[in-house]
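> Quick one, work_5.cif (mmCIF, C-alpha atoms and all ligand atoms):
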data_input
#
loop_
_atom_site.label_atom_id
_atom_site.label_comp_id
_atom_site.auth_asym_id
_atom_site.auth_seq_id
_atom_site.Cartn_x
_atom_site.Cartn_y
_atom_site.Cartn_z
CA MET A 97 -43.59 -8.84 -56.56
CA SER A 98 -41.21 -6.39 -54.88
CA LYS A 99 -37.52 -6.49 -55.71
CA PRO A 100 -35.37 -8.62 -53.40
CA ILE A 101 -33.30 -6.84 -50.77
CA LEU A 102 -30.08 -8.76 -50.20
CA LEU A 103 -27.81 -8.92 -47.18
CA SER A 104 -24.67 -7.32 -48.63
CA THR A 105 -23.91 -6.81 -52.30
CA PRO A 106 -20.95 -5.42 -54.26
CA HIS A 107 -20.89 -1.66 -54.75
CA MET A 108 -18.50 -0.34 -57.37
CA GLY A 109 -17.12 3.18 -57.44
CA ASP A 110 -16.04 5.31 -60.41
CA ARG A 111 -12.46 4.19 -60.95
CA GLU A 112 -12.57 0.36 -60.96
CA LEU A 113 -13.39 0.02 -64.65
CA GLU A 114 -10.65 2.44 -65.60
CA PHE A 115 -8.08 0.35 -63.69
CA VAL A 116 -9.39 -2.87 -65.23
CA LYS A 117 -9.24 -1.33 -68.71
CA GLU A 118 -5.67 -0.29 -68.05
CA ALA A 119 -4.84 -3.93 -67.24
CA PHE A 120 -6.36 -4.99 -70.56
CA ASP A 121 -4.72 -2.20 -72.56
CA THR A 122 -1.30 -3.13 -71.20
CA ASN A 123 -1.97 -6.91 -71.38
CA TRP A 124 -1.29 -7.42 -67.67
CA ILE A 125 -3.93 -10.16 -67.31
CA ALA A 126 -1.75 -12.19 -64.96
CA PRO A 127 -1.44 -12.88 -61.23
CA VAL A 128 1.39 -10.35 -61.24
CA GLY A 129 1.63 -6.80 -62.53
CA PRO A 130 1.53 -3.10 -61.71
CA HIS A 131 -1.97 -3.14 -60.15
CA VAL A 132 -0.97 -5.91 -57.76
CA ASP A 133 2.06 -3.92 -56.61
CA ALA A 134 0.12 -0.66 -56.36
CA PHE A 135 -2.81 -2.32 -54.54
CA GLU A 136 -0.40 -3.69 -51.92
CA GLN A 137 1.24 -0.29 -51.44
CA GLU A 138 -2.06 1.59 -51.26
CA PHE A 139 -3.42 -0.98 -48.84
CA CYS A 140 -0.41 -0.39 -46.57
CA GLN A 141 -0.95 3.36 -46.78
CA PHE A 142 -4.59 2.99 -45.78
CA THR A 143 -4.15 0.52 -42.93
CA GLY A 144 -0.71 1.51 -41.71
CA ALA A 145 0.53 -2.07 -42.23
CA GLY A 146 4.24 -2.43 -42.97
CA TYR A 147 4.00 -4.83 -45.90
CA ALA A 148 1.20 -6.57 -47.79
CA ALA A 149 0.76 -9.50 -50.18
CA ALA A 150 -2.36 -9.60 -52.37
CA VAL A 151 -3.78 -13.12 -52.64
CA SER A 152 -6.74 -14.95 -54.14
CA SER A 153 -8.91 -15.02 -50.99
CA GLY A 154 -9.01 -14.31 -47.29
CA THR A 155 -8.97 -18.05 -46.68
CA ALA A 156 -5.76 -18.37 -48.69
CA ALA A 157 -4.26 -15.56 -46.60
CA ILE A 158 -5.11 -17.38 -43.36
CA HIS A 159 -3.63 -20.60 -44.75
CA LEU A 160 -0.41 -18.81 -45.69
CA ALA A 161 -0.27 -17.13 -42.27
CA LEU A 162 -0.46 -20.50 -40.50
CA ARG A 163 2.20 -21.94 -42.84
CA LEU A 164 4.50 -18.97 -42.22
CA ILE A 165 4.18 -19.39 -38.47
CA GLY A 166 4.99 -23.07 -38.83
CA VAL A 167 1.66 -24.55 -37.73
CA GLU A 168 1.75 -28.22 -38.61
CA SER A 169 0.27 -31.62 -37.97
CA GLY A 170 -0.37 -32.27 -34.29
CA ASP A 171 -0.33 -28.59 -33.27
CA GLU A 172 -3.24 -26.83 -31.60
CA VAL A 173 -4.38 -23.34 -32.57
CA PHE A 174 -6.66 -21.21 -30.39
CA CYS A 175 -9.40 -19.55 -32.45
CA SER A 176 -12.55 -17.47 -31.95
CA THR A 177 -15.61 -19.71 -32.03
CA LEU A 178 -18.11 -17.09 -33.21
CA THR A 179 -17.03 -16.75 -36.83
CA PHE A 180 -17.30 -18.09 -40.36
CA ALA A 181 -15.82 -21.55 -41.01
CA ALA A 182 -13.16 -19.99 -43.26
CA THR A 183 -11.34 -18.74 -40.15
CA ALA A 184 -10.69 -22.27 -38.88
CA ASN A 185 -10.66 -24.43 -42.02
CA PRO A 186 -7.02 -23.60 -42.83
CA ILE A 187 -6.00 -24.78 -39.34
CA VAL A 188 -7.32 -28.18 -40.40
CA TYR A 189 -5.65 -27.90 -43.85
CA GLN A 190 -2.38 -27.79 -41.90
CA GLY A 191 -3.30 -30.94 -40.00
CA ALA A 192 -3.58 -28.95 -36.78
CA LYS A 193 -6.50 -28.79 -34.40
CA PRO A 194 -8.54 -25.70 -33.50
CA VAL A 195 -9.42 -25.02 -29.87
CA PHE A 196 -12.29 -22.55 -29.78
CA ILE A 197 -12.67 -19.60 -27.42
CA ASP A 198 -15.92 -17.90 -26.55
CA SER A 199 -16.87 -14.25 -27.13
CA ASP A 200 -17.37 -11.40 -24.70
CA ARG A 201 -20.63 -9.49 -24.68
CA THR A 202 -19.23 -6.03 -25.37
CA SER A 203 -17.56 -6.72 -28.71
CA TRP A 204 -18.96 -10.17 -29.58
CA ASN A 205 -15.31 -11.08 -30.19
CA MET A 206 -12.84 -13.31 -28.32
CA ASN A 207 -13.03 -12.84 -24.56
CA PRO A 208 -9.53 -11.73 -23.42
CA ASP A 209 -10.00 -13.08 -19.88
CA LEU A 210 -10.94 -16.54 -21.15
CA LEU A 211 -7.93 -16.52 -23.45
CA LEU A 212 -5.54 -15.55 -20.66
CA GLU A 213 -6.96 -18.20 -18.33
CA ALA A 214 -6.72 -20.84 -21.02
CA LEU A 215 -3.11 -19.91 -21.82
CA GLU A 216 -2.17 -19.94 -18.11
CA HIS A 217 -3.69 -23.39 -17.80
CA ARG A 218 -1.98 -24.66 -20.94
CA ALA A 219 1.37 -23.26 -19.77
CA ARG A 220 1.02 -25.17 -16.49
CA ILE A 221 0.40 -28.46 -18.26
CA GLY A 222 3.03 -27.72 -20.93
CA LYS A 223 0.60 -27.75 -23.84
CA LEU A 224 0.61 -24.26 -25.30
CA PRO A 225 -0.99 -23.66 -28.71
CA LYS A 226 1.17 -22.84 -31.72
CA ALA A 227 -0.82 -19.70 -32.59
CA VAL A 228 -3.93 -17.70 -31.76
CA VAL A 229 -6.34 -16.70 -34.54
CA LEU A 230 -8.37 -13.68 -33.47
CA VAL A 231 -11.44 -12.62 -35.45
CA HIS A 232 -12.79 -9.06 -35.73
CA LEU A 233 -16.44 -9.78 -36.37
CA TYR A 234 -19.07 -7.86 -38.33
CA GLY A 235 -16.92 -4.75 -38.67
CA GLN A 236 -15.92 -4.48 -35.02
CA SER A 237 -12.45 -4.92 -33.58
CA ALA A 238 -11.82 -7.33 -30.75
CA ASP A 239 -10.20 -5.94 -27.58
CA ILE A 240 -6.71 -6.42 -29.01
CA ASP A 241 -4.39 -5.05 -26.26
CA PRO A 242 -5.12 -7.62 -23.52
CA ILE A 243 -5.18 -10.40 -26.12
CA LEU A 244 -1.82 -9.36 -27.51
CA LYS A 245 -0.43 -9.06 -23.99
CA ALA A 246 -1.56 -12.60 -23.15
CA CYS A 247 -0.05 -13.93 -26.37
CA ASP A 248 3.22 -12.04 -25.82
CA ARG A 249 3.54 -13.40 -22.30
CA TYR A 250 3.68 -16.94 -23.69
CA GLU A 251 5.41 -15.94 -26.96
CA ILE A 252 2.53 -17.15 -29.07
CA PRO A 253 2.09 -15.47 -32.45
CA LEU A 254 -1.22 -13.69 -33.01
CA ILE A 255 -2.93 -13.94 -36.41
CA GLU A 256 -5.73 -11.41 -36.91
CA ASP A 257 -8.64 -12.35 -39.14
CA ALA A 258 -9.91 -8.89 -40.11
CA ALA A 259 -11.81 -10.22 -43.15
CA GLU A 260 -14.98 -8.49 -41.97
CA SER A 261 -13.43 -5.40 -40.42
CA LEU A 262 -11.43 -3.47 -42.98
CA GLY A 263 -12.04 0.22 -42.20
CA ALA A 264 -12.67 -0.30 -38.48
CA THR A 265 -10.39 1.13 -35.79
CA TYR A 266 -9.01 -0.01 -32.47
CA LYS A 267 -7.59 2.92 -30.48
CA GLU A 268 -7.17 4.86 -33.76
CA ARG A 269 -5.30 2.05 -35.51
CA HIS A 270 -6.55 -0.61 -37.89
CA PRO A 271 -7.38 -4.09 -36.58
CA GLY A 272 -5.29 -6.54 -38.59
CA THR A 273 -2.08 -4.56 -38.03
CA PHE A 274 -1.39 -5.47 -34.40
CA GLY A 275 -0.53 -9.16 -34.53
CA LYS A 276 2.32 -10.94 -36.26
CA ILE A 277 0.17 -11.37 -39.37
CA GLY A 278 -3.20 -9.91 -40.34
CA ILE A 279 -5.55 -10.93 -43.13
CA TYR A 280 -8.41 -9.26 -45.00
CA SER A 281 -10.98 -10.48 -47.54
CA PHE A 282 -12.37 -8.92 -50.70
CA ASN A 283 -15.08 -11.51 -51.25
CA GLY A 284 -18.29 -10.34 -52.90
CA ASN A 285 -20.16 -9.69 -49.66
CA LYS A 286 -17.39 -7.79 -47.84
CA ILE A 287 -17.25 -4.01 -47.38
CA ILE A 288 -15.10 -3.68 -50.50
CA THR A 289 -14.69 -6.45 -53.03
CA THR A 290 -12.56 -7.58 -55.95
CA SER A 291 -15.17 -10.33 -56.65
CA GLY A 292 -12.76 -12.59 -54.81
CA GLY A 293 -9.46 -11.78 -53.17
CA GLY A 294 -7.58 -11.27 -49.96
CA MET A 295 -4.60 -9.53 -48.38
CA LEU A 296 -1.97 -10.71 -45.94
CA VAL A 297 -0.16 -8.00 -43.97
CA SER A 298 2.72 -7.92 -41.54
CA ASP A 299 5.38 -5.54 -40.27
CA ASP A 300 7.91 -8.28 -40.97
CA SER A 301 9.07 -7.88 -44.58
CA TYR A 302 10.55 -11.37 -44.59
CA LEU A 303 7.18 -12.97 -43.79
CA VAL A 304 5.40 -11.05 -46.54
CA LYS A 305 8.10 -11.91 -49.09
CA LYS A 306 7.81 -15.53 -48.06
CA ALA A 307 4.01 -15.32 -48.40
CA ARG A 308 4.38 -14.12 -52.01
CA PHE A 309 6.86 -16.95 -52.65
CA LEU A 310 4.55 -19.65 -51.23
CA ALA A 311 1.56 -18.12 -53.05
CA THR A 312 3.29 -18.55 -56.42
CA GLN A 313 4.09 -22.28 -56.10
CA ALA A 314 7.29 -21.78 -54.09
CA ARG A 315 9.54 -21.49 -57.13
CA ASP A 316 13.19 -21.29 -56.22
CA PRO A 317 15.29 -18.84 -58.22
CA ALA A 318 16.39 -21.03 -61.13
CA PRO A 319 15.74 -20.96 -64.90
CA HIS A 320 14.13 -24.40 -64.76
CA TYR A 321 11.27 -25.02 -62.35
CA GLN A 322 12.96 -25.85 -59.06
CA HIS A 323 11.04 -26.38 -55.80
CA SER A 324 12.43 -27.06 -52.34
CA GLU A 325 9.09 -26.50 -50.64
CA ILE A 326 5.41 -27.14 -51.32
CA GLY A 327 3.68 -23.99 -52.55
CA TYR A 328 0.23 -22.83 -53.56
CA ASN A 329 -1.45 -20.99 -56.42
CA TYR A 330 -2.79 -18.18 -54.25
CA ARG A 331 -1.74 -14.92 -55.91
CA LEU A 332 -4.30 -12.24 -56.87
CA SER A 333 -4.87 -11.45 -60.54
CA ASN A 334 -3.69 -8.05 -61.78
CA VAL A 335 -7.20 -7.46 -63.21
CA LEU A 336 -8.81 -8.00 -59.80
CA ALA A 337 -6.15 -5.90 -58.09
CA GLY A 338 -7.30 -3.09 -60.39
CA ILE A 339 -10.82 -3.45 -58.99
CA GLY A 340 -9.32 -3.43 -55.49
CA ARG A 341 -7.48 -0.14 -56.13
CA GLY A 342 -10.73 1.51 -57.19
CA GLN A 343 -12.60 0.06 -54.22
CA LEU A 344 -9.96 1.25 -51.77
CA GLN A 345 -10.59 4.82 -52.92
CA VAL A 346 -14.24 4.61 -51.85
CA LEU A 347 -13.73 2.56 -48.67
CA SER A 348 -14.33 5.52 -46.34
CA ASP A 349 -17.62 6.27 -48.14
CA ARG A 350 -18.63 2.62 -47.78
CA VAL A 351 -17.93 2.70 -44.05
CA ALA A 352 -20.00 5.88 -43.71
CA ALA A 353 -22.91 4.37 -45.68
CA ARG A 354 -22.95 1.20 -43.57
CA ARG A 355 -22.80 3.18 -40.36
CA ARG A 356 -25.71 5.24 -41.64
CA ASN A 357 -27.73 2.06 -42.30
CA PHE A 358 -27.11 1.08 -38.70
CA GLU A 359 -28.21 4.49 -37.37
CA ILE A 360 -31.44 4.36 -39.36
CA TYR A 361 -32.26 0.83 -38.23
CA GLN A 362 -31.44 1.68 -34.64
CA GLN A 363 -33.54 4.83 -34.57
CA ALA A 364 -36.51 3.02 -36.04
CA LEU A 365 -36.33 -0.29 -34.19
CA ALA A 366 -34.47 0.09 -30.89
CA HIS A 367 -37.63 1.10 -29.05
CA LEU A 368 -39.33 -2.23 -29.82
CA PRO A 369 -39.32 -4.44 -26.70
CA GLY A 370 -36.76 -7.25 -26.81
CA ILE A 371 -34.59 -5.78 -29.58
CA ALA A 372 -30.96 -4.99 -28.78
CA PHE A 373 -28.41 -3.86 -31.34
CA MET A 374 -24.82 -5.13 -31.41
CA PRO A 375 -22.97 -2.79 -29.04
CA GLU A 376 -20.07 -0.66 -30.25
CA ALA A 377 -17.13 -1.18 -27.92
CA SER A 378 -15.60 2.00 -26.48
CA PHE A 379 -12.10 1.19 -27.72
CA GLY A 380 -12.78 1.85 -31.38
CA SER A 381 -15.07 2.60 -34.26
CA ALA A 382 -16.95 -0.22 -35.99
CA THR A 383 -17.76 -0.18 -39.70
CA ARG A 384 -21.14 -1.86 -39.11
CA TRP A 385 -20.27 -4.12 -42.05
CA LEU A 386 -23.47 -5.89 -41.09
CA THR A 387 -26.09 -4.41 -38.80
CA CYS A 388 -26.71 -7.11 -36.19
CA LEU A 389 -29.29 -7.29 -33.47
CA THR A 390 -30.56 -9.80 -30.95
CA ILE A 391 -34.18 -10.59 -30.26
CA ASP A 392 -35.56 -11.64 -26.90
CA PRO A 393 -38.55 -13.71 -28.09
CA HIS A 394 -40.49 -13.34 -24.81
CA ARG A 395 -40.41 -9.58 -24.89
CA PHE A 396 -40.70 -9.18 -28.67
CA GLY A 397 -43.43 -11.78 -29.15
CA ALA A 398 -41.66 -13.62 -31.98
CA ASN A 399 -38.29 -15.32 -32.16
CA ARG A 400 -35.38 -14.79 -34.53
CA GLU A 401 -36.50 -17.51 -36.97
CA GLN A 402 -40.07 -16.23 -37.11
CA ILE A 403 -38.79 -12.78 -37.99
CA ARG A 404 -36.34 -14.13 -40.56
CA LEU A 405 -39.06 -16.18 -42.27
CA ALA A 406 -41.53 -13.30 -42.26
CA LEU A 407 -38.88 -11.22 -44.03
CA VAL A 408 -38.18 -13.98 -46.57
CA GLU A 409 -41.82 -13.73 -47.58
CA ARG A 410 -41.27 -10.07 -48.34
CA GLN A 411 -38.16 -10.80 -50.41
CA ILE A 412 -35.83 -9.54 -47.69
CA GLU A 413 -32.69 -11.54 -46.98
CA THR A 414 -31.43 -11.67 -43.40
CA ARG A 415 -29.12 -14.20 -41.73
CA PRO A 416 -28.74 -15.63 -38.28
CA VAL A 417 -25.53 -14.54 -36.55
CA TRP A 418 -22.72 -17.03 -37.30
CA LYS A 419 -23.28 -20.48 -35.91
CA PRO A 420 -20.37 -20.94 -33.48
CA LEU A 421 -17.75 -23.29 -34.88
CA HIS A 422 -17.83 -25.52 -31.80
CA LEU A 423 -21.44 -26.36 -32.74
CA GLN A 424 -20.54 -27.24 -36.34
CA PRO A 425 -20.49 -30.95 -37.19
CA ALA A 426 -17.18 -30.47 -39.04
CA PHE A 427 -15.53 -29.38 -35.77
CA ALA A 428 -17.47 -31.67 -33.44
CA ASP A 429 -14.30 -33.20 -32.00
CA CYS A 430 -12.70 -29.85 -31.10
CA GLU A 431 -12.47 -28.46 -27.60
CA CYS A 432 -14.23 -25.18 -26.77
CA ILE A 433 -13.40 -22.93 -23.86
CA GLY A 434 -16.66 -21.39 -22.66
CA GLY A 435 -19.21 -21.13 -25.45
CA SER A 436 -22.48 -19.95 -23.94
CA VAL A 437 -22.11 -16.31 -25.06
CA ALA A 438 -21.59 -17.31 -28.70
CA GLU A 439 -24.39 -19.87 -28.46
CA ASN A 440 -26.73 -17.22 -27.14
CA LEU A 441 -25.80 -14.74 -29.88
CA PHE A 442 -26.43 -17.46 -32.47
CA ALA A 443 -29.78 -18.39 -30.95
CA HIS A 444 -31.11 -14.82 -30.93
CA GLY A 445 -28.93 -12.84 -33.35
CA LEU A 446 -30.00 -11.61 -36.77
CA CYS A 447 -28.01 -9.75 -39.45
CA LEU A 448 -30.04 -7.23 -41.45
CA PRO A 449 -29.52 -6.13 -45.05
CA SER A 450 -26.51 -3.83 -44.77
CA GLY A 451 -25.10 -3.03 -48.21
CA SER A 452 -23.69 0.44 -48.81
CA ASN A 453 -25.92 0.70 -51.89
CA LEU A 454 -29.25 0.22 -50.06
CA THR A 455 -31.72 3.02 -50.65
CA THR A 456 -33.76 4.75 -47.95
CA GLU A 457 -36.81 2.95 -49.39
CA ASP A 458 -35.04 -0.40 -48.98
CA LEU A 459 -34.27 0.39 -45.34
CA GLU A 460 -37.86 1.50 -44.78
CA ARG A 461 -39.11 -1.78 -46.23
CA VAL A 462 -36.94 -3.79 -43.82
CA ILE A 463 -37.98 -1.62 -40.88
CA GLY A 464 -41.64 -1.89 -41.90
CA ALA A 465 -41.42 -5.67 -42.16
CA ILE A 466 -39.83 -6.11 -38.71
CA SER A 467 -42.28 -3.67 -37.12
CA ALA A 468 -45.15 -5.55 -38.77
CA VAL A 469 -44.01 -8.81 -37.16
CA TYR A 470 -44.04 -7.09 -33.79
CA TYR A 471 -47.43 -5.38 -34.16
CA ASN A 472 -49.06 -8.51 -35.64
CA THR A 473 -47.93 -10.63 -32.69
CA GLN A 474 -49.22 -7.95 -30.29
CA LYS A 475 -52.56 -7.94 -32.12
CA SER A 476 -52.93 -11.72 -32.07
CA LEU A 477 -51.90 -11.75 -28.40
CA SER A 478 -54.53 -9.19 -27.44
CA SER A 479 -57.24 -10.99 -29.42
CA LEU A 480 -56.22 -14.16 -27.58
CA PHE A 481 -56.71 -12.48 -24.22
CA SER A 482 -60.02 -10.82 -25.17
CA VAL A 483 -61.64 -14.21 -25.98
C1 LIG B 1 -15.19 -13.91 -45.49
C2 LIG B 1 -14.42 -14.36 -44.33
C3 LIG B 1 -13.26 -15.14 -44.48
C4 LIG B 1 -12.81 -15.71 -45.77
O1 LIG B 1 -12.53 -14.83 -46.78
P1 LIG B 1 -12.67 -15.31 -48.29
O2 LIG B 1 -12.05 -14.19 -49.06
O3 LIG B 1 -14.11 -15.52 -48.57
O4 LIG B 1 -11.88 -16.57 -48.43
C5 LIG B 1 -12.54 -15.45 -43.34
N1 LIG B 1 -12.94 -15.06 -42.13
C6 LIG B 1 -14.06 -14.35 -41.94
C7 LIG B 1 -14.41 -13.93 -40.56
C8 LIG B 1 -14.85 -13.99 -43.03
O5 LIG B 1 -15.99 -13.32 -42.84
#
Spell out the structure here as structure tokens.
Ligand SMILES: *Cc1c(COP(=O)(O)O)cnc(C)c1O

Amino acid sequence: MSKPILLSTPHMGDRELEFVKEAFDTNWIAPVGPHVDAFEQEFCQFTGAGYAAAVSSGTAAIHLALRLIGVESGDEVFCSTLTFAATANPIVYQGAKPVFIDSDRTSWNMNPDLLLEALEHRARIGKLPKAVVLVHLYGQSADIDPILKACDRYEIPLIEDAAESLGATYKERHPGTFGKIGIYSFNGNKIITTSGGGMLVSDDSYLVKKARFLATQARDPAPHYQHSEIGYNYRLSNVLAGIGRGQLQVLSDRVAARRRNFEIYQQALAHLPGIAFMPEASFGSATRWLTCLTIDPHRFGANREQIRLALVERQIETRPVWKPLHLQPAFADCECIGGSVAENLFAHGLCLPSGSNLTTEDLERVIGAISAVYYNTQKSLSSLFSV
């Protein structure tokens, strides 16, 4: 039995353990401490964000962002449809309702024209959303400028979900730092990980201070426990922040390794009929957090599911591209503007093993397995015709 090849696994560098040991040696095993402060500062240095608050997950960061913007019961929030459920769940935690927006084909992210049209329409009928949540998917930035311009025109705050795109660029700057608030994730499958964790960033120091306050149970300054607001237990542990500091030091290497995976896959597979790799938009550099491709079953001879299952048999984990949220039962009652692009990407899209710690042999095994599906279908087709 060959060893399993997984989609995206943690990849530690040299310094993480040292930072964790320091936390133990100094007894800072709390959701506060010097690593938390340093991680926030170093994260700002890397991304160019003004201020940052380290929290327990990317989902928690999105929830805090919505709270800070004042999203509440009865509000609507526009949101990318092609994404992980964690992008939209916190909208529902707040009692608000997501309205989903389709992707464009060049970035696979929110279509700026659809957003603008939808906002124009909503302005006419006096029903503007309270916020827009924009996702930067699979390591690639959305086309932020026209989206920001549309939001600014109607004074709607933009929240950027850059959970999957730390290390990417948009016109030389980091996605996540353009909107009112940006969020990142350090979950186990992301490009760098703290096992679990997230970051909320903003250029508004008040918002980030308030995020830290809400994330630590909204304790008013008083010797007894005094609360004027409802808070959360969302702060990041100082131990995990130590891991994050180590991971941040190797982030550029991780980006390079994932881009290399993509190059190798592309060189080996792009010539197969019906295979198209996720495009890289001209406005920035993608991290290729996951290498994604689409399969045209008529030209390739097998569909996405047939390929996925053939790879499962060889102990290779792949995943369909995110199922659009407007197709999810949990969001069945939510409106979606457009939707066919995301639906098409879901129907034909596959994410390949993409970890920064994959070996050349691992990549060759994946390439060999996909090529074998293609050549086997060609063989069975030709034997069919020769009968
Ligand atoms: C992973 C992810 C999140 C959630 O982050 P967690 O740290 O797992 O809570 C949110 N949005 C997207 C697009 C993600 O991929």
> Taking (-39.4, -16.6, -36.4) in the file's own coordinates, collect the residues within 12 Å, counting all atoms listed in the file, and hand them back as a list in words.
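Protein and nucleic acid residues near the point are Ile391, Asp392, Pro393, Phe396, Gly397, Ala398, Asn399, Arg400, Glu401, Gln402, Ile403, Arg404, Leu405, Ala406, Leu407, Val408, Glu409, Thr414, Arg415, Pro416, Ala443, His444, Gly445, Leu446, Ile466, Val469, Tyr470 and Thr473 of chain A.
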> Would you mind telling me which residue in A:Val304, A:Leu262, A:Ile371, A:Val132 lies nearest to A:Val231 when using only C-alpha atoms?
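So, comparing all the options, the nearest one is A:Leu262.
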> Name the closest residue to A:Cys388 among the candidates A:Ile279, A:Leu233, A:Ala364, A:Leu113; distances are taken between atoms, counting all atoms listed in the file.
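Looking only at the distances to A:Cys388, the closest residue turns out to be A:Leu233.
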> Need the shell around stretch 125-130 of chain A: protein/DNA/RNA residues with any atom at most 9 Å away, counting only C-alpha atoms. Skip same-chain ones fewer than 3 positions apart. Format as an MDAnalysis selection string?
chainID A and resid 119:120 122 133:135 151 312 330:338
> Per residue of stretch 264-341 of chain A within 10 Å of stretch 448-452 of chain A, note the shortest atom pair and the distance in Å to one decimal, counting all atoms listed in the file, and order the rows by chain and increasing residue number, as a Markdown table.

| residue | atom | partner | partner_atom | distance |
| --- | --- | --- | --- | --- |
| A:Asn285 | CA | A:Gly451 | CA | 8.4 |
| A:Lys286 | CA | A:Gly451 | CA | 9.1 |
| A:Ile287 | CA | A:Gly451 | CA | 8.0 |
| A:Ile288 | CA | A:Ser452 | CA | 9.7 |
> If you keep C-alpha atoms, can you produce a file of those selected residues as a CSV table (one decimal), keeping the file's coordinate frame?

chain,number,residue,atom,x,y,z
A,285,ASN,CA,-20.2,-9.7,-49.7
A,286,LYS,CA,-17.4,-7.8,-47.8
A,287,ILE,CA,-17.2,-4.0,-47.4
A,288,ILE,CA,-15.1,-3.7,-50.5
> Within 9 Å of ligand LIG 1 (chain B), counting only C-alpha atoms and all ligand atoms, which protein or nucleic acid residues do you find, written as number ranges by chain?
A: 152-158, 178-184, 231-234, 257-261, 279-286, 292-295
> As a short mmCIF file (atom, residue, chain, number, x, y, z; two decimals), keeping the file's coordinate frame, could you write out stretch 470-475 of chain A once it has been completed with all heavy atoms?

data_model
loop_
_atom_site.label_atom_id
_atom_site.label_comp_id
_atom_site.auth_asym_id
_atom_site.auth_seq_id
_atom_site.Cartn_x
_atom_site.Cartn_y
_atom_site.Cartn_z
N TYR A 470 -43.77 -7.44 -35.19
CA TYR A 470 -44.04 -7.09 -33.79
C TYR A 470 -45.52 -6.73 -33.58
O TYR A 470 -46.18 -7.30 -32.70
CB TYR A 470 -43.15 -5.92 -33.35
CG TYR A 470 -43.49 -5.44 -31.97
CD1 TYR A 470 -43.15 -6.20 -30.84
CD2 TYR A 470 -44.19 -4.24 -31.78
CE1 TYR A 470 -43.49 -5.77 -29.56
CE2 TYR A 470 -44.53 -3.82 -30.50
CZ TYR A 470 -44.18 -4.58 -29.40
OH TYR A 470 -44.52 -4.18 -28.15
N TYR A 471 -46.05 -5.83 -34.40
CA TYR A 471 -47.43 -5.38 -34.16
C TYR A 471 -48.44 -6.49 -34.43
O TYR A 471 -49.46 -6.59 -33.75
CB TYR A 471 -47.72 -4.10 -34.95
CG TYR A 471 -46.95 -2.93 -34.35
CD1 TYR A 471 -45.88 -2.35 -35.01
CD2 TYR A 471 -47.27 -2.47 -33.06
CE1 TYR A 471 -45.15 -1.32 -34.43
CE2 TYR A 471 -46.54 -1.44 -32.47
CZ TYR A 471 -45.48 -0.87 -33.15
OH TYR A 471 -44.77 0.13 -32.57
N ASN A 472 -48.15 -7.38 -35.40
CA ASN A 472 -49.06 -8.51 -35.64
C ASN A 472 -49.10 -9.47 -34.46
O ASN A 472 -50.16 -9.96 -34.09
CB ASN A 472 -48.67 -9.27 -36.92
CG ASN A 472 -48.97 -8.44 -38.16
OD1 ASN A 472 -49.81 -7.54 -38.11
ND2 ASN A 472 -48.28 -8.73 -39.26
N THR A 473 -47.91 -9.72 -33.85
CA THR A 473 -47.93 -10.63 -32.69
C THR A 473 -48.66 -9.97 -31.53
O THR A 473 -49.37 -10.64 -30.80
CB THR A 473 -46.51 -11.00 -32.19
OG1 THR A 473 -45.67 -9.89 -32.37
CG2 THR A 473 -45.96 -12.20 -32.91
N GLN A 474 -48.51 -8.65 -31.37
CA GLN A 474 -49.22 -7.95 -30.29
C GLN A 474 -50.73 -8.06 -30.50
O GLN A 474 -51.49 -8.33 -29.59
CB GLN A 474 -48.82 -6.46 -30.23
CG GLN A 474 -47.37 -6.23 -29.89
CD GLN A 474 -46.94 -6.98 -28.64
OE1 GLN A 474 -47.53 -6.83 -27.58
NE2 GLN A 474 -45.91 -7.83 -28.76
N LYS A 475 -51.13 -7.88 -31.79
CA LYS A 475 -52.56 -7.94 -32.12
C LYS A 475 -53.12 -9.33 -31.81
O LYS A 475 -54.14 -9.47 -31.15
CB LYS A 475 -52.76 -7.62 -33.61
CG LYS A 475 -53.70 -6.45 -33.82
CD LYS A 475 -54.09 -6.30 -35.29
CE LYS A 475 -52.93 -5.82 -36.16
NZ LYS A 475 -53.13 -5.92 -37.59
#
